[in-house]
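Undergrad: The structure that follows is given in the form of structure tokens.
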Amino acid sequence: MDYECGVILAGGKSRRMGRDKALLPFGDAPTLTHYLYERLSPLFSHLYVSAKSDKFGGAFPMIYDRDATTFSPLNALTTILETLPFERIFIVSVDTPLIDRSIINRLYEHDTPDYQALVASIQDKRQPLCALYKRTALPKMRDQLQSNHHTLRALLDRLRVCDVTFDASYAERFINLNRPEEYDRVRLSSL
């Protein structure tokens with residue numbers, strides 16, 4: 001099944017990792033970004049990478065944050081929805097490289113016009129960076145940015161959200177590579 005648009009968020013500070021996660025090698029790919037892009041590109045007609053600048057040497061179609069000084073996923077999401085002409089966009093963070101077709105399919109299967117966001121949830125924990133966001137969410141995103149309140153949790157509390165629940169058997173696929181030990185463990189198991 002082909003979906004219209006997806007975006008990989010790769011513009012974070014990577015504080016806990018101590019170096020830019022988006023540029024770490026993974027599997028047979030030169031970076032985590034390349035790995036996830038190759039994994040997702042067969043699923044989407046349009047796939048982009050969102051970051052502050054093109055640190056990938058022109059390898060991907062890019063979306064650049066309008067506010068290059070603010071490091072927040074909300075800043076990136078707002079820019080993406082303002083820039084791209086699609087009504088709904090799948091968003092995934094570069095540090096969740098094991099997200100797969102089955103997860104994306106489930107998000108799209110739950111979509112109805114009633115929702116402004118469809119968010120994966122595993123073991124009662126929302127994954128706001130594995131989600132479908134719709135253009136109808138833009139006014140509330142802009143309001144949050146103007147009030148300098150950048151948390152996605154606060155945004156989701158204001159939107160009409162469908163929590164798409166996954167059971168514990170999916171836990172490994174939702175792992176976030178935030179720290180060196182997580183990265184090493186998952187990278188070694190993927191080789």
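Chain labels run A, B, ... following the order of the structure tokens; each chain numbers its residues from 1, and ligands are numbered from 1 in the order shown.
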What's around Tyr115 (chain A) at 7 Å? Count only C-alpha atoms, leave out sequence neighbours fewer than 6 positions away in its own chain, and write the answer as a PyMOL selection string.

TA: chain A and resi 160-162

Undergrad: Would you put the residues from that selection into a file with C-alpha atoms, as a short mmCIF file (atom, residue, chain, number, x, y, z; two decimals), in the first residue's frame?

TA:
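Written out: again_24.cif:
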data_model
loop_
_atom_site.label_atom_id
_atom_site.label_comp_id
_atom_site.auth_asym_id
_atom_site.auth_seq_id
_atom_site.Cartn_x
_atom_site.Cartn_y
_atom_site.Cartn_z
CA ARG A 160 -8.86 15.50 18.68
CA VAL A 161 -6.58 12.47 18.92
CA CYS A 162 -7.03 8.80 18.14
#

Undergrad: Please provide as a list in words all residues within 10 Å of Leu145 (chain A), with the sequence filter that same-chain residues fewer than 5 positions apart are discarded (counting only C-alpha atoms).

TA: Ser72, Leu74, Asn75, Thr78, Lys140, His150, Thr151 and Leu155 of chain A

Undergrad: From the options A:Glu38, A:Leu23, A:Asp67, A:Thr83, which residue's atoms come nearest to Lys55 (chain A), counting only C-alpha atoms?

TA: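 Smallest separation from Lys55 (chain A) among the options: A:Leu23.
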
Undergrad: Which polymer residues have any atom within 12 Å of an atom of Ala51 (chain A), counting only C-alpha atoms, with same-chain residues fewer than 2 positions away left out, as a PyMOL selection string?

TA: chain A and resi 7-13+20+22-23+33+48-49+53-56+60-73+75-77+79-80+93-94

Undergrad: Restricting it to N, CA and C atoms, dump the selection as an mmCIF file, in the first residue's frame.

TA:
data_model
loop_
_atom_site.group_PDB
_atom_site.id
_atom_site.type_symbol
_atom_site.label_atom_id
_atom_site.label_comp_id
_atom_site.auth_asym_id
_atom_site.auth_seq_id
_atom_site.Cartn_x
_atom_site.Cartn_y
_atom_site.Cartn_z
ATOM 1 N N VAL A 7 7.477 12.066 6.800
ATOM 2 C CA VAL A 7 8.628 12.915 7.121
ATOM 3 C C VAL A 7 9.377 12.302 8.296
ATOM 4 N N ILE A 8 10.689 12.213 8.149
ATOM 5 C CA ILE A 8 11.578 11.741 9.214
ATOM 6 C C ILE A 8 12.154 12.973 9.910
ATOM 7 N N LEU A 9 11.926 13.094 11.217
ATOM 8 C CA LEU A 9 12.480 14.212 11.976
ATOM 9 C C LEU A 9 13.917 13.893 12.369
ATOM 10 N N ALA A 10 14.852 14.714 11.902
ATOM 11 C CA ALA A 10 16.275 14.455 12.139
ATOM 12 C C ALA A 10 17.018 15.718 12.569
ATOM 13 N N GLY A 11 16.309 16.624 13.235
ATOM 14 C CA GLY A 11 16.921 17.899 13.577
ATOM 15 C C GLY A 11 17.113 18.144 15.054
ATOM 16 N N GLY A 12 17.041 17.099 15.869
ATOM 17 C CA GLY A 12 17.162 17.283 17.322
ATOM 18 C C GLY A 12 18.588 17.518 17.782
ATOM 19 N N LYS A 13 18.720 17.853 19.060
ATOM 20 C CA LYS A 13 20.036 18.145 19.638
ATOM 21 C C LYS A 13 20.817 16.896 20.036
ATOM 22 N N ASP A 20 25.275 13.672 17.231
ATOM 23 C CA ASP A 20 24.081 13.739 16.392
ATOM 24 C C ASP A 20 23.607 12.341 16.003
ATOM 25 N N ALA A 22 21.188 11.430 14.120
ATOM 26 C CA ALA A 22 20.815 11.316 12.711
ATOM 27 C C ALA A 22 21.992 10.901 11.839
ATOM 28 N N LEU A 23 23.217 11.132 12.320
ATOM 29 C CA LEU A 23 24.418 10.838 11.530
ATOM 30 C C LEU A 23 25.146 9.568 11.969
ATOM 31 N N THR A 33 19.553 8.009 9.517
ATOM 32 C CA THR A 33 18.623 8.670 8.595
ATOM 33 C C THR A 33 18.529 7.902 7.285
ATOM 34 N N TYR A 48 10.287 12.830 3.057
ATOM 35 C CA TYR A 48 11.203 13.939 3.306
ATOM 36 C C TYR A 48 11.947 13.712 4.611
ATOM 37 N N VAL A 49 13.023 14.496 4.788
ATOM 38 C CA VAL A 49 13.744 14.554 6.046
ATOM 39 C C VAL A 49 13.649 15.996 6.539
ATOM 40 N N SER A 53 19.361 21.976 8.815
ATOM 41 C CA SER A 53 20.171 22.197 7.613
ATOM 42 C C SER A 53 20.385 20.847 6.936
ATOM 43 N N ASP A 54 20.930 20.876 5.734
ATOM 44 C CA ASP A 54 21.193 19.618 5.027
ATOM 45 C C ASP A 54 22.556 19.089 5.436
ATOM 46 N N LYS A 55 22.545 18.255 6.450
ATOM 47 C CA LYS A 55 23.786 17.642 6.931
ATOM 48 C C LYS A 55 24.034 16.293 6.266
ATOM 49 N N PHE A 56 23.250 16.015 5.206
ATOM 50 C CA PHE A 56 23.318 14.714 4.527
ATOM 51 C C PHE A 56 23.854 14.821 3.107
ATOM 52 N N PHE A 60 18.645 13.542 0.456
ATOM 53 C CA PHE A 60 17.199 13.434 0.656
ATOM 54 C C PHE A 60 16.493 14.739 0.306
ATOM 55 N N PRO A 61 15.202 14.647 -0.049
ATOM 56 C CA PRO A 61 14.397 15.868 -0.107
ATOM 57 C C PRO A 61 14.251 16.386 1.332
ATOM 58 N N MET A 62 14.503 17.668 1.528
ATOM 59 C CA MET A 62 14.556 18.239 2.873
ATOM 60 C C MET A 62 13.429 19.232 3.136
ATOM 61 N N ILE A 63 13.046 19.307 4.399
ATOM 62 C CA ILE A 63 12.182 20.361 4.933
ATOM 63 C C ILE A 63 13.003 21.019 6.045
ATOM 64 N N TYR A 64 13.246 22.325 5.925
ATOM 65 C CA TYR A 64 14.056 23.041 6.916
ATOM 66 C C TYR A 64 13.154 23.789 7.889
ATOM 67 N N ASP A 65 13.436 23.636 9.179
ATOM 68 C CA ASP A 65 12.679 24.357 10.198
ATOM 69 C C ASP A 65 12.730 25.853 9.919
ATOM 70 N N ARG A 66 11.576 26.498 9.975
ATOM 71 C CA ARG A 66 11.533 27.948 9.760
ATOM 72 C C ARG A 66 12.259 28.693 10.855
ATOM 73 N N ASP A 67 12.185 28.182 12.073
ATOM 74 C CA ASP A 67 12.899 28.798 13.189
ATOM 75 C C ASP A 67 14.111 27.926 13.487
ATOM 76 N N ALA A 68 15.255 28.332 12.967
ATOM 77 C CA ALA A 68 16.468 27.528 13.100
ATOM 78 C C ALA A 68 17.070 27.596 14.498
ATOM 79 N N THR A 69 16.543 28.459 15.369
ATOM 80 C CA THR A 69 17.111 28.603 16.712
ATOM 81 C C THR A 69 16.362 27.780 17.756
ATOM 82 N N THR A 70 15.170 27.308 17.414
ATOM 83 C CA THR A 70 14.356 26.561 18.374
ATOM 84 C C THR A 70 14.414 25.071 18.067
ATOM 85 N N PHE A 71 14.913 24.322 19.050
ATOM 86 C CA PHE A 71 14.984 22.872 18.891
ATOM 87 C C PHE A 71 13.763 22.261 19.574
ATOM 88 N N SER A 72 12.706 22.066 18.804
ATOM 89 C CA SER A 72 11.530 21.399 19.365
ATOM 90 C C SER A 72 10.807 20.679 18.235
ATOM 91 N N PRO A 73 10.299 19.485 18.528
ATOM 92 C CA PRO A 73 9.526 18.786 17.506
ATOM 93 C C PRO A 73 8.307 19.590 17.048
ATOM 94 N N ASN A 75 8.115 22.804 16.627
ATOM 95 C CA ASN A 75 8.607 23.722 15.607
ATOM 96 C C ASN A 75 8.710 23.002 14.263
ATOM 97 N N ALA A 76 9.280 21.810 14.271
ATOM 98 C CA ALA A 76 9.415 21.030 13.034
ATOM 99 C C ALA A 76 8.050 20.641 12.469
ATOM 100 N N LEU A 77 7.154 20.150 13.320
ATOM 101 C CA LEU A 77 5.821 19.739 12.856
ATOM 102 C C LEU A 77 5.060 20.897 12.219
ATOM 103 N N THR A 79 6.295 23.625 10.848
ATOM 104 C CA THR A 79 6.924 23.935 9.565
ATOM 105 C C THR A 79 6.514 22.933 8.490
ATOM 106 N N ILE A 80 6.514 21.654 8.839
ATOM 107 C CA ILE A 80 6.159 20.596 7.880
ATOM 108 C C ILE A 80 4.733 20.786 7.366
ATOM 109 N N SER A 93 10.324 9.940 14.220
ATOM 110 C CA SER A 93 11.630 10.422 14.655
ATOM 111 C C SER A 93 12.722 9.488 14.136
ATOM 112 N N VAL A 94 13.854 10.087 13.788
ATOM 113 C CA VAL A 94 14.974 9.312 13.242
ATOM 114 C C VAL A 94 15.502 8.283 14.244
#

Undergrad: Smallest atom-to-atom distance to Thr31 (chain A): which of A:Asp100, A:Asn178, A:Ala59, A:Ala168, using only C-alpha atoms?

TA: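 Comparing A:Asp100, A:Asn178, A:Ala59, A:Ala168 against Thr31 (chain A), the winner is A:Ala59.
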
Undergrad: May I ask for the distance between CA of Ser45 (chain A) and CA of Ala171 (chain A), given in Å to one decimal place?

TA: 27.5 Å

Undergrad: I'd like the interatomic distance between CA of Leu159 (chain A) and CA of Asn176 (chain A), to a tenth of an Å.

TA: 24.1 Å

Undergrad: Restricting the calculation to only C-alpha atoms: of A:Ile103, A:Leu43, A:Leu81, A:Val186, which residue gets closest to Lys134 (chain A)?

TA: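 Of A:Ile103, A:Leu43, A:Leu81, A:Val186, the one nearest Lys134 (chain A) is A:Leu81, counting only C-alpha atoms.
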
Undergrad: Find the residues around Met17 (chain A) up to 9 Å (only C-alpha atoms counted), leave out those fewer than 4 positions away in its own chain, and share them as a list in words.

TA: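 The filter keeps Lys13, Lys21, Leu177, Asn178, Arg179, Pro180, Glu181 and Tyr183 of chain A.
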
Undergrad: In Å to one decimal, how far is CA of Arg19 (chain A) from CA of Leu98 (chain A)?

TA: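 So the two atoms, CA of Leu98 (chain A) and CA of Arg19 (chain A), lie 20.2 Å apart.
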
Undergrad: From the set A:Asp95, A:Asp143, A:Glu172, A:Asp111, which residue has the shortest atom-to-atom contact distance to Tyr37 (chain A), counting only C-alpha atoms?

TA: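 Residue with the minimum atom-to-atom distance to Tyr37 (chain A): A:Asp95.
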
Undergrad: Which residues come within 9 Å of Arg126 (chain A), counting only C-alpha atoms, excluding same-chain residues fewer than 3 positions away, as a PyMOL selection string?

TA: chain A and resi 119-123+129-130+153+163-165

Undergrad: Using only C-alpha atoms, which protein or nucleic acid residues come within 12 Å of Glu4 (chain A)? Drop anything in the same chain fewer than 3 positions from it, and give the result as a ChimeraX atom specification.

TA: /A:1,7,40-48,84-90,108,132

Undergrad: Which of these, A:Ser169, A:Thr96, A:Gln127, A:Asn105, has the shortest distance to Asp2 (chain A) once you count only C-alpha atoms?

TA: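 Checking each candidate against Asp2 (chain A), we get A:Asn105 as the closest.
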
Undergrad: Using only C-alpha atoms, can you tell me which of A:Pro25, A:Leu36, A:Pro128, A:Phe174 comes closest to Ala154 (chain A)?

TA: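 Once distances to Ala154 (chain A) are computed over only C-alpha atoms, the minimum belongs to A:Pro128.
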
Undergrad: Tell me, which residues of region 56-102 of chain A carry DSSP strand (DSSP E or B), written as a ChimeraX atom specification?

TA: /A:62-64,88-93
